[in-house]
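Coordinates from start16.txt are shown below (compact mmCIF, C-alpha atoms).
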# COMPACT_ATOMS: atom_id res chain seq x y z
CA VAL A 1 -103.80 106.55 34.95
CA ILE A 2 -105.45 106.15 38.34
CA ILE A 3 -103.83 108.28 40.98
CA PRO A 4 -104.99 107.12 44.42
CA SER A 5 -106.13 109.73 46.84
CA ARG A 6 -104.93 109.66 50.41
CA LEU A 7 -108.23 108.05 51.42
CA ASN A 8 -107.82 105.35 48.74
CA ALA A 9 -104.36 104.55 50.10
CA ILE A 10 -105.71 104.30 53.63
CA PHE A 11 -108.36 101.83 52.47
CA PHE A 12 -105.72 99.83 50.60
CA VAL A 13 -103.41 99.62 53.63
CA CYS A 14 -106.38 98.70 55.82
CA GLY A 15 -107.16 95.89 53.37
CA VAL A 16 -103.60 94.58 53.57
CA LEU A 17 -103.58 94.73 57.37
CA LEU A 18 -106.99 93.10 57.60
CA ALA A 19 -105.95 90.22 55.35
CA MET A 20 -102.68 89.67 57.19
CA THR A 21 -104.35 89.80 60.60
CA GLY A 22 -107.14 87.47 59.53
CA LEU A 23 -104.74 84.93 58.03
CA ALA A 24 -102.42 85.13 61.04
CA LEU A 25 -105.38 84.40 63.32
CA ALA A 26 -106.54 81.60 61.05
CA GLY A 27 -103.02 80.13 61.08
CA ASN A 28 -103.12 80.22 64.85
CA LEU A 29 -106.46 78.44 65.00
CA VAL A 30 -106.15 75.66 62.41
CA PHE A 31 -105.57 72.24 63.88
CA PRO A 32 -104.05 69.59 61.61
CA GLU A 33 -106.48 66.87 62.66
CA GLU A 34 -106.12 64.82 59.49
CA LEU A 35 -102.33 64.96 59.61
CA ALA A 36 -102.24 63.91 63.25
CA HIS A 37 -104.93 61.26 63.02
CA GLY A 38 -103.58 57.90 61.96
CA PHE A 39 -100.05 59.25 61.80
CA LEU A 40 -97.54 56.62 60.78
CA ARG A 41 -94.52 58.71 59.80
CA PHE A 42 -93.66 61.84 57.83
CA HIS A 43 -93.22 59.87 54.65
CA ALA A 44 -91.78 61.29 51.45
CA GLY A 45 -95.24 62.29 50.19
CA ILE A 46 -95.60 64.72 53.11
CA GLY A 47 -91.96 65.76 53.24
CA PRO A 48 -89.50 68.09 51.59
CA ASP A 49 -89.63 66.24 48.26
CA TYR A 50 -93.17 67.51 47.90
CA ASN A 51 -92.44 70.93 49.40
CA PHE A 52 -94.03 70.04 52.71
CA PHE A 53 -92.09 71.02 55.80
CA PRO A 54 -94.01 70.14 58.96
CA THR A 55 -94.29 72.99 61.43
CA ALA A 56 -93.51 72.70 65.12
CA ARG A 57 -97.21 72.97 65.97
CA GLU A 58 -98.04 70.18 63.53
CA ILE A 59 -95.45 68.02 65.27
CA LYS A 60 -96.94 68.99 68.62
CA ALA A 61 -100.45 68.14 67.43
CA THR A 62 -99.22 64.79 66.11
CA LEU A 63 -97.52 63.99 69.40
CA ASP A 64 -100.49 65.03 71.54
CA ARG A 65 -103.05 63.28 69.35
CA ASN A 66 -101.19 59.99 69.21
CA ALA A 67 -99.39 59.73 72.51
CA GLY A 68 -102.64 60.00 74.43
CA ASP A 69 -102.59 60.11 78.20
CA ASP A 70 -99.62 59.30 80.39
CA SER A 71 -100.69 55.72 81.08
CA LYS A 72 -98.47 54.59 78.22
CA VAL A 73 -94.78 55.17 77.69
CA THR A 74 -94.28 57.14 74.48
CA VAL A 75 -91.39 55.83 72.43
CA ILE A 76 -90.33 58.65 70.15
CA ILE A 77 -88.26 57.47 67.23
CA GLY A 78 -85.95 60.02 65.64
CA GLY A 79 -82.97 60.04 63.39
CA SER A 80 -82.22 59.29 59.80
CA SER A 81 -83.79 57.40 56.91
CA VAL A 82 -82.55 54.17 58.49
CA PHE A 83 -84.91 54.63 61.43
CA HIS A 84 -87.52 56.24 59.19
CA GLY A 85 -87.76 52.84 57.57
CA THR A 86 -86.72 53.68 54.04
CA GLY A 87 -87.19 50.48 52.04
CA GLN A 88 -89.98 49.26 54.33
CA LYS A 89 -93.65 49.69 53.70
CA HIS A 90 -96.75 49.61 55.88
CA PRO A 91 -97.62 47.33 57.65
CA ARG A 92 -94.04 46.12 57.95
CA ILE A 93 -92.22 49.31 58.81
CA TRP A 94 -89.81 48.40 61.61
CA THR A 95 -91.50 50.77 64.05
CA GLU A 96 -94.79 48.94 63.53
CA LEU A 97 -92.99 45.70 64.33
CA LEU A 98 -91.45 47.35 67.38
CA GLN A 99 -94.93 48.39 68.53
CA LYS A 100 -96.02 44.75 68.31
CA ASP A 101 -92.97 43.63 70.23
CA LEU A 102 -93.50 46.21 72.98
CA GLY A 103 -97.23 45.74 73.41
CA ASP A 104 -99.90 48.02 74.82
CA ARG A 105 -97.86 49.60 77.57
CA PHE A 106 -95.90 51.55 74.97
CA ARG A 107 -96.83 53.85 72.11
CA VAL A 108 -94.27 54.03 69.31
CA LEU A 109 -94.24 57.18 67.18
CA ASN A 110 -91.91 57.40 64.21
CA PHE A 111 -90.57 60.93 63.76
CA ALA A 112 -87.39 59.88 61.96
CA VAL A 113 -87.13 61.50 58.56
CA ARG A 114 -85.24 60.85 55.38
CA ALA A 115 -82.12 63.01 55.19
CA GLY A 116 -82.52 63.57 58.93
CA ALA A 117 -80.23 63.17 61.92
CA ALA A 118 -80.68 62.33 65.59
CA ASN A 119 -81.02 66.04 66.25
CA GLY A 120 -82.96 68.60 64.25
CA PHE A 121 -86.34 66.91 63.77
CA GLY A 122 -87.13 63.83 65.85
CA GLU A 123 -85.52 65.60 68.76
CA ILE A 124 -88.28 68.24 68.63
CA PRO A 125 -91.17 66.02 69.86
CA ALA A 126 -88.76 64.45 72.36
CA GLU A 127 -88.04 67.85 73.88
CA MET A 128 -91.75 68.67 73.80
CA ALA A 129 -92.46 65.46 75.72
CA LEU A 130 -89.74 66.29 78.21
CA GLN A 131 -91.15 69.76 78.80
CA GLU A 132 -94.64 68.34 79.29
CA GLY A 133 -93.38 65.75 81.75
CA ARG A 134 -94.62 62.80 79.67
CA PRO A 135 -93.15 59.35 80.30
CA PHE A 136 -91.14 58.89 77.14
CA ILE A 137 -87.98 57.43 75.69
CA TYR A 138 -86.19 58.94 72.72
CA VAL A 139 -84.76 56.27 70.43
CA CYS A 140 -82.60 57.47 67.59
CA ASP A 141 -79.84 56.35 65.28
CA ASN A 142 -76.45 57.66 64.36
CA ASN A 143 -73.62 56.43 62.20
CA ILE A 144 -70.17 55.56 63.48
CA GLN A 145 -68.79 59.07 63.10
CA GLY A 146 -71.36 61.40 64.60
CA PHE A 147 -74.58 61.80 66.50
CA ALA A 148 -75.70 65.38 65.93
CA ALA A 149 -75.45 67.20 62.61
CA PRO A 150 -75.14 70.98 62.19
CA VAL A 151 -78.63 72.42 61.83
CA GLU A 152 -77.25 74.74 59.16
CA ARG A 153 -77.06 71.79 56.78
CA SER A 154 -80.37 70.25 57.79
CA PHE A 155 -83.31 70.23 55.38
CA PHE A 156 -85.47 70.74 58.46
CA ARG A 157 -83.78 73.83 59.89
CA LYS A 158 -86.97 75.82 59.28
CA THR A 159 -88.90 73.47 61.56
CA TYR A 160 -86.11 73.52 64.13
CA PHE A 161 -86.04 77.31 64.35
CA ASP A 162 -89.84 77.33 64.41
CA ALA A 163 -89.80 75.00 67.43
CA TRP A 164 -87.19 77.07 69.21
CA GLN A 165 -88.94 80.37 68.48
CA ARG A 166 -92.22 79.03 69.86
CA GLY A 167 -90.58 77.73 73.03
CA TYR A 168 -90.98 74.02 72.31
CA LEU A 169 -87.30 73.26 72.81
CA LEU A 170 -85.65 73.00 76.19
CA SER A 171 -83.66 75.88 77.49
CA TRP A 172 -80.03 75.08 76.72
CA PRO A 173 -77.65 78.06 76.88
CA ALA A 174 -75.18 76.96 74.18
CA ARG A 175 -77.92 76.26 71.67
CA ASP A 176 -80.01 79.27 72.67
CA ARG A 177 -77.03 81.53 72.04
CA MET A 178 -76.41 79.98 68.62
CA MET A 179 -80.08 80.27 67.64
CA ARG A 180 -80.27 83.88 68.82
CA ASP A 181 -77.06 84.88 67.07
CA ALA A 182 -78.25 83.29 63.82
CA LEU A 183 -80.45 86.33 63.16
CA TRP A 184 -77.40 88.45 62.42
CA GLY A 185 -74.89 85.70 61.59
CA GLN A 186 -72.89 85.01 58.46
CA SER A 187 -74.70 81.86 57.43
CA ASP A 188 -77.46 82.51 54.87
CA ASN A 189 -79.15 79.23 55.73
CA LEU A 190 -79.37 80.00 59.42
CA ARG A 191 -80.25 83.65 58.95
CA GLU A 192 -83.13 82.84 56.59
CA ALA A 193 -84.50 80.15 58.85
CA SER A 194 -84.14 82.39 61.87
CA TRP A 195 -85.87 85.43 60.38
CA GLY A 196 -88.54 83.20 58.88
CA ALA A 197 -89.29 81.74 62.31
CA VAL A 198 -89.48 85.21 63.89
CA LEU A 199 -91.96 86.43 61.26
CA ASP A 200 -93.91 83.20 61.39
CA SER A 201 -94.29 83.41 65.16
CA TYR A 202 -96.47 86.50 64.56
CA LEU A 203 -98.02 85.79 61.16
CA ASN A 204 -98.41 81.98 61.24
CA PHE A 205 -98.04 81.69 57.48
CA ASN A 206 -96.41 78.26 57.64
CA ASP A 207 -99.20 76.76 59.73
CA PHE A 208 -101.92 78.33 57.61
CA TRP A 209 -100.56 77.43 54.18
CA ASN A 210 -99.40 73.99 55.28
CA TYR A 211 -102.98 73.40 56.41
CA VAL A 212 -104.32 74.59 53.05
CA THR A 213 -101.78 72.44 51.20
CA PHE A 214 -102.57 69.36 53.24
CA ARG A 215 -106.34 69.76 53.47
CA TYR A 216 -107.45 71.52 50.30
CA THR A 217 -104.94 71.96 47.50
CA GLY A 218 -101.28 71.94 46.61
CA THR A 219 -100.06 75.34 45.53
CA ILE A 220 -96.72 74.62 43.89
CA TRP A 221 -95.84 72.70 40.76
CA ASN A 222 -93.71 69.73 41.72
CA SER A 223 -91.96 67.59 39.14
CA LEU A 224 -92.29 64.47 41.29
CA ALA A 225 -96.01 64.89 41.76
CA ALA A 226 -96.42 66.20 38.19
CA LEU A 227 -100.14 66.48 37.40
CA ASP A 228 -101.01 65.70 41.02
CA SER A 229 -99.12 68.79 42.21
CA PHE A 230 -102.33 70.60 43.03
CA GLU A 231 -104.00 67.73 44.82
CA PRO A 232 -104.18 68.08 48.63
CA LEU A 233 -101.31 66.27 50.31
CA ARG A 234 -103.73 64.31 52.52
CA LYS A 235 -104.30 62.18 49.42
CA SER A 236 -100.59 61.52 49.09
CA ASP A 237 -99.65 57.88 49.62
CA ASP A 238 -96.43 56.80 51.25
CA PRO A 239 -94.36 56.33 48.09
CA GLU A 240 -91.98 53.88 49.72
CA ASN A 241 -91.16 50.88 47.60
CA SER A 242 -93.32 47.79 47.82
CA PRO A 243 -92.42 44.64 49.73
CA GLY A 244 -90.09 42.54 47.65
CA TRP A 245 -88.67 45.54 45.83
CA SER A 246 -85.37 45.44 47.68
CA ALA A 247 -84.94 41.78 46.88
CA SER A 248 -85.43 42.54 43.20
CA VAL A 249 -82.69 45.16 43.16
CA PRO A 250 -79.31 43.48 43.54
CA TYR A 251 -76.30 45.10 45.15
CA PRO A 252 -73.99 46.79 42.63
CA PRO A 253 -71.44 44.36 41.20
CA ILE A 254 -67.97 44.56 42.73
CA GLY A 255 -65.85 46.66 40.39
CA SER A 256 -68.74 48.86 39.26
CA ASP A 257 -68.82 52.63 39.77
CA ASP A 258 -71.81 52.32 42.10
CA ASN A 259 -69.94 49.85 44.26
CA ALA A 260 -66.86 52.10 44.32
CA HIS A 261 -69.03 55.03 45.40
CA ALA A 262 -70.64 53.00 48.18
CA MET A 263 -67.23 51.84 49.36
CA SER A 264 -65.97 55.43 49.49
CA VAL A 265 -68.96 56.24 51.75
CA VAL A 266 -68.17 53.32 54.05
CA ARG A 267 -64.44 54.04 54.17
CA GLY A 268 -65.13 57.73 54.73
CA GLU A 269 -66.77 56.94 58.05
CA ILE A 270 -63.61 55.50 59.56
CA PHE A 271 -61.96 58.13 61.72
CA GLY A 272 -58.43 56.86 61.95
CA SER A 273 -56.47 57.55 65.08
CA GLY A 274 -56.67 61.34 65.42
CA PRO A 275 -58.79 62.99 68.15
CA ASP A 276 -60.18 65.76 65.92
CA GLN A 277 -63.30 63.93 64.79
CA TRP A 278 -64.14 62.81 68.33
CA ASN A 279 -63.83 66.41 69.50
CA ALA A 280 -66.00 67.57 66.61
CA ALA A 281 -68.64 64.94 67.39
CA GLN A 282 -68.62 65.94 71.06
CA GLY A 283 -68.87 69.63 70.13
CA GLN A 284 -72.05 69.01 68.10
CA ILE A 285 -73.61 67.01 70.93
CA GLU A 286 -72.78 69.67 73.51
CA LEU A 287 -74.35 72.28 71.25
CA TYR A 288 -77.55 70.52 70.20
CA VAL A 289 -78.46 67.90 72.78
CA PRO A 290 -79.36 69.11 76.29
CA PRO A 291 -78.20 66.71 79.03
CA ALA A 292 -81.80 66.26 80.22
CA LEU A 293 -82.64 64.77 76.83
CA ARG A 294 -79.52 62.60 76.76
CA ALA A 295 -80.69 61.06 80.03
CA LYS A 296 -83.82 59.75 78.27
CA THR A 297 -82.19 58.73 75.02
CA LEU A 298 -81.35 55.33 73.63
CA SER A 299 -78.94 55.85 70.78
CA VAL A 300 -78.28 53.14 68.23
CA THR A 301 -75.19 53.25 66.05
CA HIS A 302 -76.14 51.77 62.71
CA LEU A 303 -73.65 49.95 60.53
CA ASN A 304 -73.32 49.29 56.84
CA SER A 305 -74.33 46.24 54.88
CA PRO A 306 -71.88 43.31 55.14
CA TYR A 307 -71.90 43.28 51.35
CA PHE A 308 -69.73 46.39 51.63
CA THR A 309 -67.97 45.94 54.98
CA THR A 310 -66.64 42.57 53.83
CA GLN A 311 -64.92 44.41 50.98
CA LEU A 312 -62.88 46.42 53.48
CA THR A 313 -59.38 45.24 54.28
CA ALA A 314 -59.03 43.28 57.52
CA GLN A 315 -57.53 46.29 59.26
CA GLU A 316 -60.21 48.66 57.96
CA ARG A 317 -62.93 46.26 59.03
CA GLN A 318 -61.46 46.01 62.51
CA GLU A 319 -61.24 49.80 62.77
CA PHE A 320 -64.80 50.15 61.49
CA PHE A 321 -66.35 47.84 64.09
CA GLN A 322 -64.11 49.09 66.90
CA GLN A 323 -65.18 52.63 66.11
CA ALA A 324 -68.85 51.61 66.26
CA THR A 325 -68.36 50.08 69.71
CA ARG A 326 -66.25 52.98 70.86
CA PHE A 327 -68.83 55.48 69.63
CA ALA A 328 -71.53 53.84 71.73
CA LEU A 329 -69.26 54.03 74.80
CA PHE A 330 -68.41 57.62 73.95
CA LEU A 331 -72.12 58.52 73.95
CA LYS A 332 -72.66 56.86 77.32
CA GLN A 333 -69.78 58.88 78.75
CA LEU A 334 -71.52 62.03 77.50
CA GLY A 335 -74.61 61.19 79.53
CA PHE A 336 -76.80 59.19 77.17
CA HIS A 337 -78.93 56.74 79.10
CA GLN A 338 -78.10 53.90 76.77
CA ALA A 339 -76.08 53.62 73.57
CA ILE A 340 -75.59 50.45 71.58
CA ALA A 341 -74.33 49.45 68.16
CA VAL A 342 -76.17 47.21 65.73
CA PRO A 343 -74.51 43.75 65.87
CA ASN A 344 -71.94 43.21 63.16
CA ASP A 345 -73.12 39.68 62.40
CA TRP A 346 -76.21 40.69 60.47
CA ASP A 347 -76.55 39.35 56.96
CA LYS A 348 -76.41 41.35 53.73
CA ASP A 349 -80.06 40.42 53.17
CA ASP A 350 -80.90 42.38 56.31
CA TYR A 351 -80.02 45.48 54.31
CA HIS A 352 -81.22 46.61 50.94
CA ASP A 353 -78.45 49.07 50.16
CA VAL A 354 -75.38 50.52 51.87
CA VAL A 355 -77.17 51.37 55.08
CA HIS A 356 -80.97 50.96 54.90
CA LEU A 357 -82.55 47.89 56.36
CA SER A 358 -84.76 45.47 54.50
CA MET A 359 -87.98 44.31 56.14
CA GLN A 360 -86.10 41.32 57.47
CA GLY A 361 -83.51 43.67 58.96
CA GLY A 362 -86.30 45.88 60.32
CA GLN A 363 -87.68 42.89 62.22
CA LYS A 364 -84.22 42.21 63.65
CA LEU A 365 -83.88 45.84 64.69
CA ALA A 366 -87.28 45.78 66.42
CA ASP A 367 -86.37 42.56 68.22
CA LEU A 368 -83.02 44.04 69.26
CA LEU A 369 -84.44 47.26 70.64
CA ALA A 370 -87.65 46.08 72.33
CA PRO A 371 -85.91 44.56 75.39
CA GLU A 372 -83.57 47.57 75.61
CA ILE A 373 -86.57 49.91 75.67
CA VAL A 374 -88.41 47.86 78.30
CA LYS A 375 -85.27 47.80 80.46
CA MET A 376 -84.83 51.53 80.07
CA ALA A 377 -88.50 52.17 80.93
CA MET A 378 -87.98 50.22 84.15
CA GLU A 379 -84.78 52.11 84.98
CA LEU A 380 -86.56 55.41 84.39
CA GLY A 381 -89.37 54.29 86.69
CA TYR A 382 -92.09 54.31 84.03
CA ILE A 383 -93.02 50.66 84.51
CA LYS A 384 -92.33 47.99 87.11
CA MET B 385 -121.52 106.79 45.83
CA ARG B 386 -118.71 106.52 43.31
CA GLY B 387 -116.21 107.42 46.03
CA ILE B 388 -117.44 104.62 48.30
CA ALA B 389 -117.22 102.09 45.47
CA LEU B 390 -113.71 103.26 44.64
CA ASN B 391 -112.58 102.95 48.24
CA ALA B 392 -114.14 99.49 48.43
CA CYS B 393 -112.14 98.52 45.34
CA TRP B 394 -108.94 99.80 46.95
CA MET B 395 -109.71 97.82 50.08
CA LEU B 396 -110.39 94.70 48.04
CA GLY B 397 -107.06 95.28 46.33
CA GLY B 398 -105.44 95.55 49.75
CA LEU B 399 -107.09 92.33 50.92
CA ILE B 400 -105.86 90.45 47.85
CA SER B 401 -102.38 91.96 48.21
CA GLY B 402 -102.32 90.91 51.88
CA LEU B 403 -103.31 87.39 50.93
CA VAL B 404 -100.61 87.21 48.26
CA PHE B 405 -98.01 88.70 50.61
CA HIS B 406 -98.92 86.20 53.34
CA TYR B 407 -98.60 83.34 50.83
CA MET B 408 -95.30 84.67 49.52
CA LEU B 409 -93.84 84.69 53.03
CA TYR B 410 -94.64 80.98 53.16
CA ARG B 411 -93.46 80.34 49.62
CA ILE B 412 -90.06 82.02 49.89
CA GLY B 413 -89.24 79.77 52.83
CA LEU B 414 -89.45 76.75 50.54
CA PRO B 415 -86.72 75.61 48.17
CA LEU B 416 -87.14 76.87 44.61
CA LYS B 417 -87.22 73.34 43.35
CA PRO B 418 -87.69 70.13 45.27
CA PHE B 419 -84.58 68.19 46.05
CA ILE B 420 -84.19 64.91 44.32
CA TYR B 421 -85.53 61.87 46.12
CA VAL B 422 -82.52 61.26 48.29
CA ALA B 423 -81.22 57.90 49.36
CA PHE B 424 -79.93 59.08 52.73
When written as structure tokens, how does the structure in this file appear?
Amino acid sequence: VIIPSRLNAIFFVCGVLLAMTGLALAGNLVFPEELAHGFLRFHAGIGPDYNFFPTAREIKATLDRNAGDDSKVTVIIGGSSVFHGTGQKHPRIWTELLQKDLGDRFRVLNFAVRAGAANGFGEIPAEMALQEGRPFIYVCDNNIQGFAAPVERSFFRKTYFDAWQRGYLLSWPARDRMMRDALWGQSDNLREASWGAVLDSYLNFNDFWNYVTFRYTGTIWNSLAALDSFEPLRKSDDPENSPGWSASVPYPPIGSDDNAHAMSVVRGEIFGSGPDQWNAAQGQIELYVPPALRAKTLSVTHLNSPYFTTQLTAQERQEFFQQATRFALFLKQLGFHQAIAVPNDWDKDDYHDVVHLSMQGGQKLADLLAPEIVKMAMELGYIK
Amino acid sequence: MRGIALNACWMLGGLISGLVFHYMLYRIGLPLKPFIYVAF
């Protein structure tokens, strides 16, 4: 049995402190050049499925590297998998088509993530841009029943707390109070994310090990990656389905369990007449979205595929579309610069499932939003 | 001489422990298993 002397223990502790200090400094210095260079989107291969959670500084690096100087208007796309372009593959992701529509005066950056919301992830680079005084427009999507989702339920809460802790989010008293109180709050999810962000702000372990994972080697077995688990994530391709895939997968037959499930999702979005849901939606916006950001935001209420909405009763269908229109108006009343709903005359082939757009639908979305963005850029004084 | 070597070993042990601890702080912030490829 080796019994350490006092001197041995001192050397051991010095070793621990030296390693931690060195790694914290290294985490502070690493710059995710490869991640930022040629950024297209945080696709599934560099997302939570593969145990990769981008840090706030990686988002900042991606924004700074790609937005360039202020001669161009940065169009920051945020929101859910619909705006992420799930079902669309390079070079026909809708944001790439939007870039073509908008031309050289604009720079479109897609920060929408699968399982994301208008707040919580894409909002982070938007608030960074606002703090830096960049000319930018935040374009994000929401469904007909809500804009902002509780960060407690977000897969990206770690990134959100990281951004707040490092001062990348705007000062907004309601949110600041919630984020501060999370340290000692009842919610395990928030408390873990909050303490993690505090520790990480000193030790930089997320930046350092994300860099190692992306640049050199994966460190965690992942059943999706299987034998490639220990390959660096920079080699990870966007695993989105190939062009033509959506056309080869038909909608579920009417009467099937899959169809019934999809219909329950669609019906579940209809509020009914009570004010509770509107109040809840407003409460989330007031908590998470500072008015200064709302003033630079174009929000787009996405709908569901007509394959499903045509299965609603006439009254349900009317309520569904009225709610979409009303939600856009509701957002404008809350100070959003512009809020629109996707037209309800799109075809079922514009979608490839309940809510995600096909490449054809992506083109329609780009064509719909490009003039709105140009108009907004003029109103904000970015272009003449 | 033996004392110096022993202390160096303890320091090396400390360095490795620090590295592992730093990694574990990163690792415990991740989900234990990846979530299934979600549709939404």
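The shortest atom-to-atom distance to Arg411 of chain B, with all atoms listed in the file taken into account, belongs to A:Phe205 out of A:Thr325, A:Phe205, A:Leu97, A:Gln186.
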Quiz item: What residues in chain A lie within 9 Å of chain B, counting all atoms listed in the file, written as JSON, numbers by chain?
Solution: {"A": [4, 7, 8, 9, 10, 11, 12, 13, 14, 15, 16, 17, 18, 19, 20, 23, 24, 44, 48, 49, 50, 51, 52, 53, 80, 81, 82, 86, 114, 115, 116, 158, 192, 193, 196, 199, 200, 203, 204, 205, 206, 208, 209, 210, 220, 222, 223, 224, 355, 356]}
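Across the model, the gap from atom CA of Val139 of chain A to atom CA of Ile77 of chain A is 4.9 Å.
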Quiz item: What gap, in Å, lies between atom CA of Cys140 of chain A and atom CA of Phe271 of chain A?
Solution: 21.5 Å
Quiz prompt | Length of the atom CA of Phe42 of chain A to atom CA of Asp238 of chain A vector [Å] | solution =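 Between these atoms lies a distance of 8.7 Å.
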Give me the residues within 10 Å of Ala174 of chain A as a PDB file with C-alpha atoms, in the frame of the given file, counting all atoms listed in the file and dropping any in the same chain fewer than 4 places off.
ATOM      1  CA  MET A 178     -76.410  79.980  68.620  1.00  0.00           C
ATOM      2  CA  MET A 179     -80.080  80.270  67.640  1.00  0.00           C
ATOM      3  CA  GLU A 286     -72.780  69.670  73.510  1.00  0.00           C
ATOM      4  CA  LEU A 287     -74.350  72.280  71.250  1.00  0.00           C
ATOM      5  CA  TYR A 288     -77.550  70.520  70.200  1.00  0.00           C
ATOM      6  CA  VAL A 289     -78.460  67.900  72.780  1.00  0.00           C
ATOM      7  CA  PRO A 290     -79.360  69.110  76.290  1.00  0.00           C
TER       8      PRO A 290
END
Quiz item: Hey, what's within 7 Å of Arg107 of chain A if we count all atoms listed in the file and toss same-chain stuff fewer than 5 positions away? As a list in words, please?
Solution: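 That gives Ala67, Lys72, Val73, Thr74, Val75 and Gln99 of chain A.
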Same residues, C-alpha atoms, saved as a compact mmCIF listing (two decimals), in the frame of the given file:
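Below is the file that was written, part_33.txt:
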# COMPACT_ATOMS: atom_id res chain seq x y z
CA ALA A 67 -99.39 59.73 72.51
CA LYS A 72 -98.47 54.59 78.22
CA VAL A 73 -94.78 55.17 77.69
CA THR A 74 -94.28 57.14 74.48
CA VAL A 75 -91.39 55.83 72.43
CA GLN A 99 -94.93 48.39 68.53
Since the input lacks some atoms of segment 264-276 of chain A, please model N, CA, C and O atoms and print them as a PDB file, in the frame of the given file.
ATOM      1  N   SER A 264     -66.578  54.167  49.032  1.00  0.00           N
ATOM      2  CA  SER A 264     -65.970  55.430  49.490  1.00  0.00           C
ATOM      3  C   SER A 264     -66.786  56.007  50.654  1.00  0.00           C
ATOM      4  O   SER A 264     -66.233  56.632  51.564  1.00  0.00           O
ATOM      5  N   VAL A 265     -68.115  55.792  50.628  1.00  0.00           N
ATOM      6  CA  VAL A 265     -68.960  56.240  51.750  1.00  0.00           C
ATOM      7  C   VAL A 265     -68.592  55.477  53.019  1.00  0.00           C
ATOM      8  O   VAL A 265     -68.408  56.060  54.086  1.00  0.00           O
ATOM      9  N   VAL A 266     -68.477  54.158  52.880  1.00  0.00           N
ATOM     10  CA  VAL A 266     -68.170  53.320  54.050  1.00  0.00           C
ATOM     11  C   VAL A 266     -66.785  53.659  54.593  1.00  0.00           C
ATOM     12  O   VAL A 266     -66.613  53.875  55.804  1.00  0.00           O
ATOM     13  N   ARG A 267     -65.811  53.725  53.721  1.00  0.00           N
ATOM     14  CA  ARG A 267     -64.440  54.040  54.170  1.00  0.00           C
ATOM     15  C   ARG A 267     -64.367  55.436  54.790  1.00  0.00           C
ATOM     16  O   ARG A 267     -63.629  55.681  55.745  1.00  0.00           O
ATOM     17  N   GLY A 268     -65.151  56.350  54.241  1.00  0.00           N
ATOM     18  CA  GLY A 268     -65.130  57.730  54.730  1.00  0.00           C
ATOM     19  C   GLY A 268     -65.600  57.872  56.165  1.00  0.00           C
ATOM     20  O   GLY A 268     -65.368  58.899  56.803  1.00  0.00           O
ATOM     21  N   GLU A 269     -66.277  56.859  56.674  1.00  0.00           N
ATOM     22  CA  GLU A 269     -66.770  56.940  58.050  1.00  0.00           C
ATOM     23  C   GLU A 269     -65.710  56.545  59.077  1.00  0.00           C
ATOM     24  O   GLU A 269     -65.887  56.776  60.272  1.00  0.00           O
ATOM     25  N   ILE A 270     -64.641  55.933  58.612  1.00  0.00           N
ATOM     26  CA  ILE A 270     -63.610  55.500  59.560  1.00  0.00           C
ATOM     27  C   ILE A 270     -62.744  56.700  59.933  1.00  0.00           C
ATOM     28  O   ILE A 270     -62.202  57.379  59.071  1.00  0.00           O
ATOM     29  N   PHE A 271     -62.670  56.959  61.218  1.00  0.00           N
ATOM     30  CA  PHE A 271     -61.960  58.130  61.720  1.00  0.00           C
ATOM     31  C   PHE A 271     -60.451  58.079  61.524  1.00  0.00           C
ATOM     32  O   PHE A 271     -59.820  59.079  61.251  1.00  0.00           O
ATOM     33  N   GLY A 272     -59.875  56.909  61.780  1.00  0.00           N
ATOM     34  CA  GLY A 272     -58.430  56.860  61.950  1.00  0.00           C
ATOM     35  C   GLY A 272     -58.115  57.128  63.403  1.00  0.00           C
ATOM     36  O   GLY A 272     -58.987  57.048  64.269  1.00  0.00           O
ATOM     37  N   SER A 273     -56.883  57.482  63.679  1.00  0.00           N
ATOM     38  CA  SER A 273     -56.470  57.550  65.080  1.00  0.00           C
ATOM     39  C   SER A 273     -56.543  58.948  65.700  1.00  0.00           C
ATOM     40  O   SER A 273     -56.433  59.095  66.905  1.00  0.00           O
ATOM     41  N   GLY A 274     -56.715  59.975  64.885  1.00  0.00           N
ATOM     42  CA  GLY A 274     -56.670  61.340  65.420  1.00  0.00           C
ATOM     43  C   GLY A 274     -57.871  61.681  66.287  1.00  0.00           C
ATOM     44  O   GLY A 274     -58.941  61.103  66.131  1.00  0.00           O
ATOM     45  N   PRO A 275     -57.687  62.627  67.244  1.00  0.00           N
ATOM     46  CA  PRO A 275     -58.790  62.990  68.150  1.00  0.00           C
ATOM     47  C   PRO A 275     -59.744  64.030  67.569  1.00  0.00           C
ATOM     48  O   PRO A 275     -60.778  64.316  68.153  1.00  0.00           O
ATOM     49  N   ASP A 276     -59.401  64.629  66.425  1.00  0.00           N
ATOM     50  CA  ASP A 276     -60.180  65.760  65.920  1.00  0.00           C
ATOM     51  C   ASP A 276     -61.654  65.421  65.716  1.00  0.00           C
ATOM     52  O   ASP A 276     -62.541  66.176  66.101  1.00  0.00           O
TER      53      ASP A 276
END
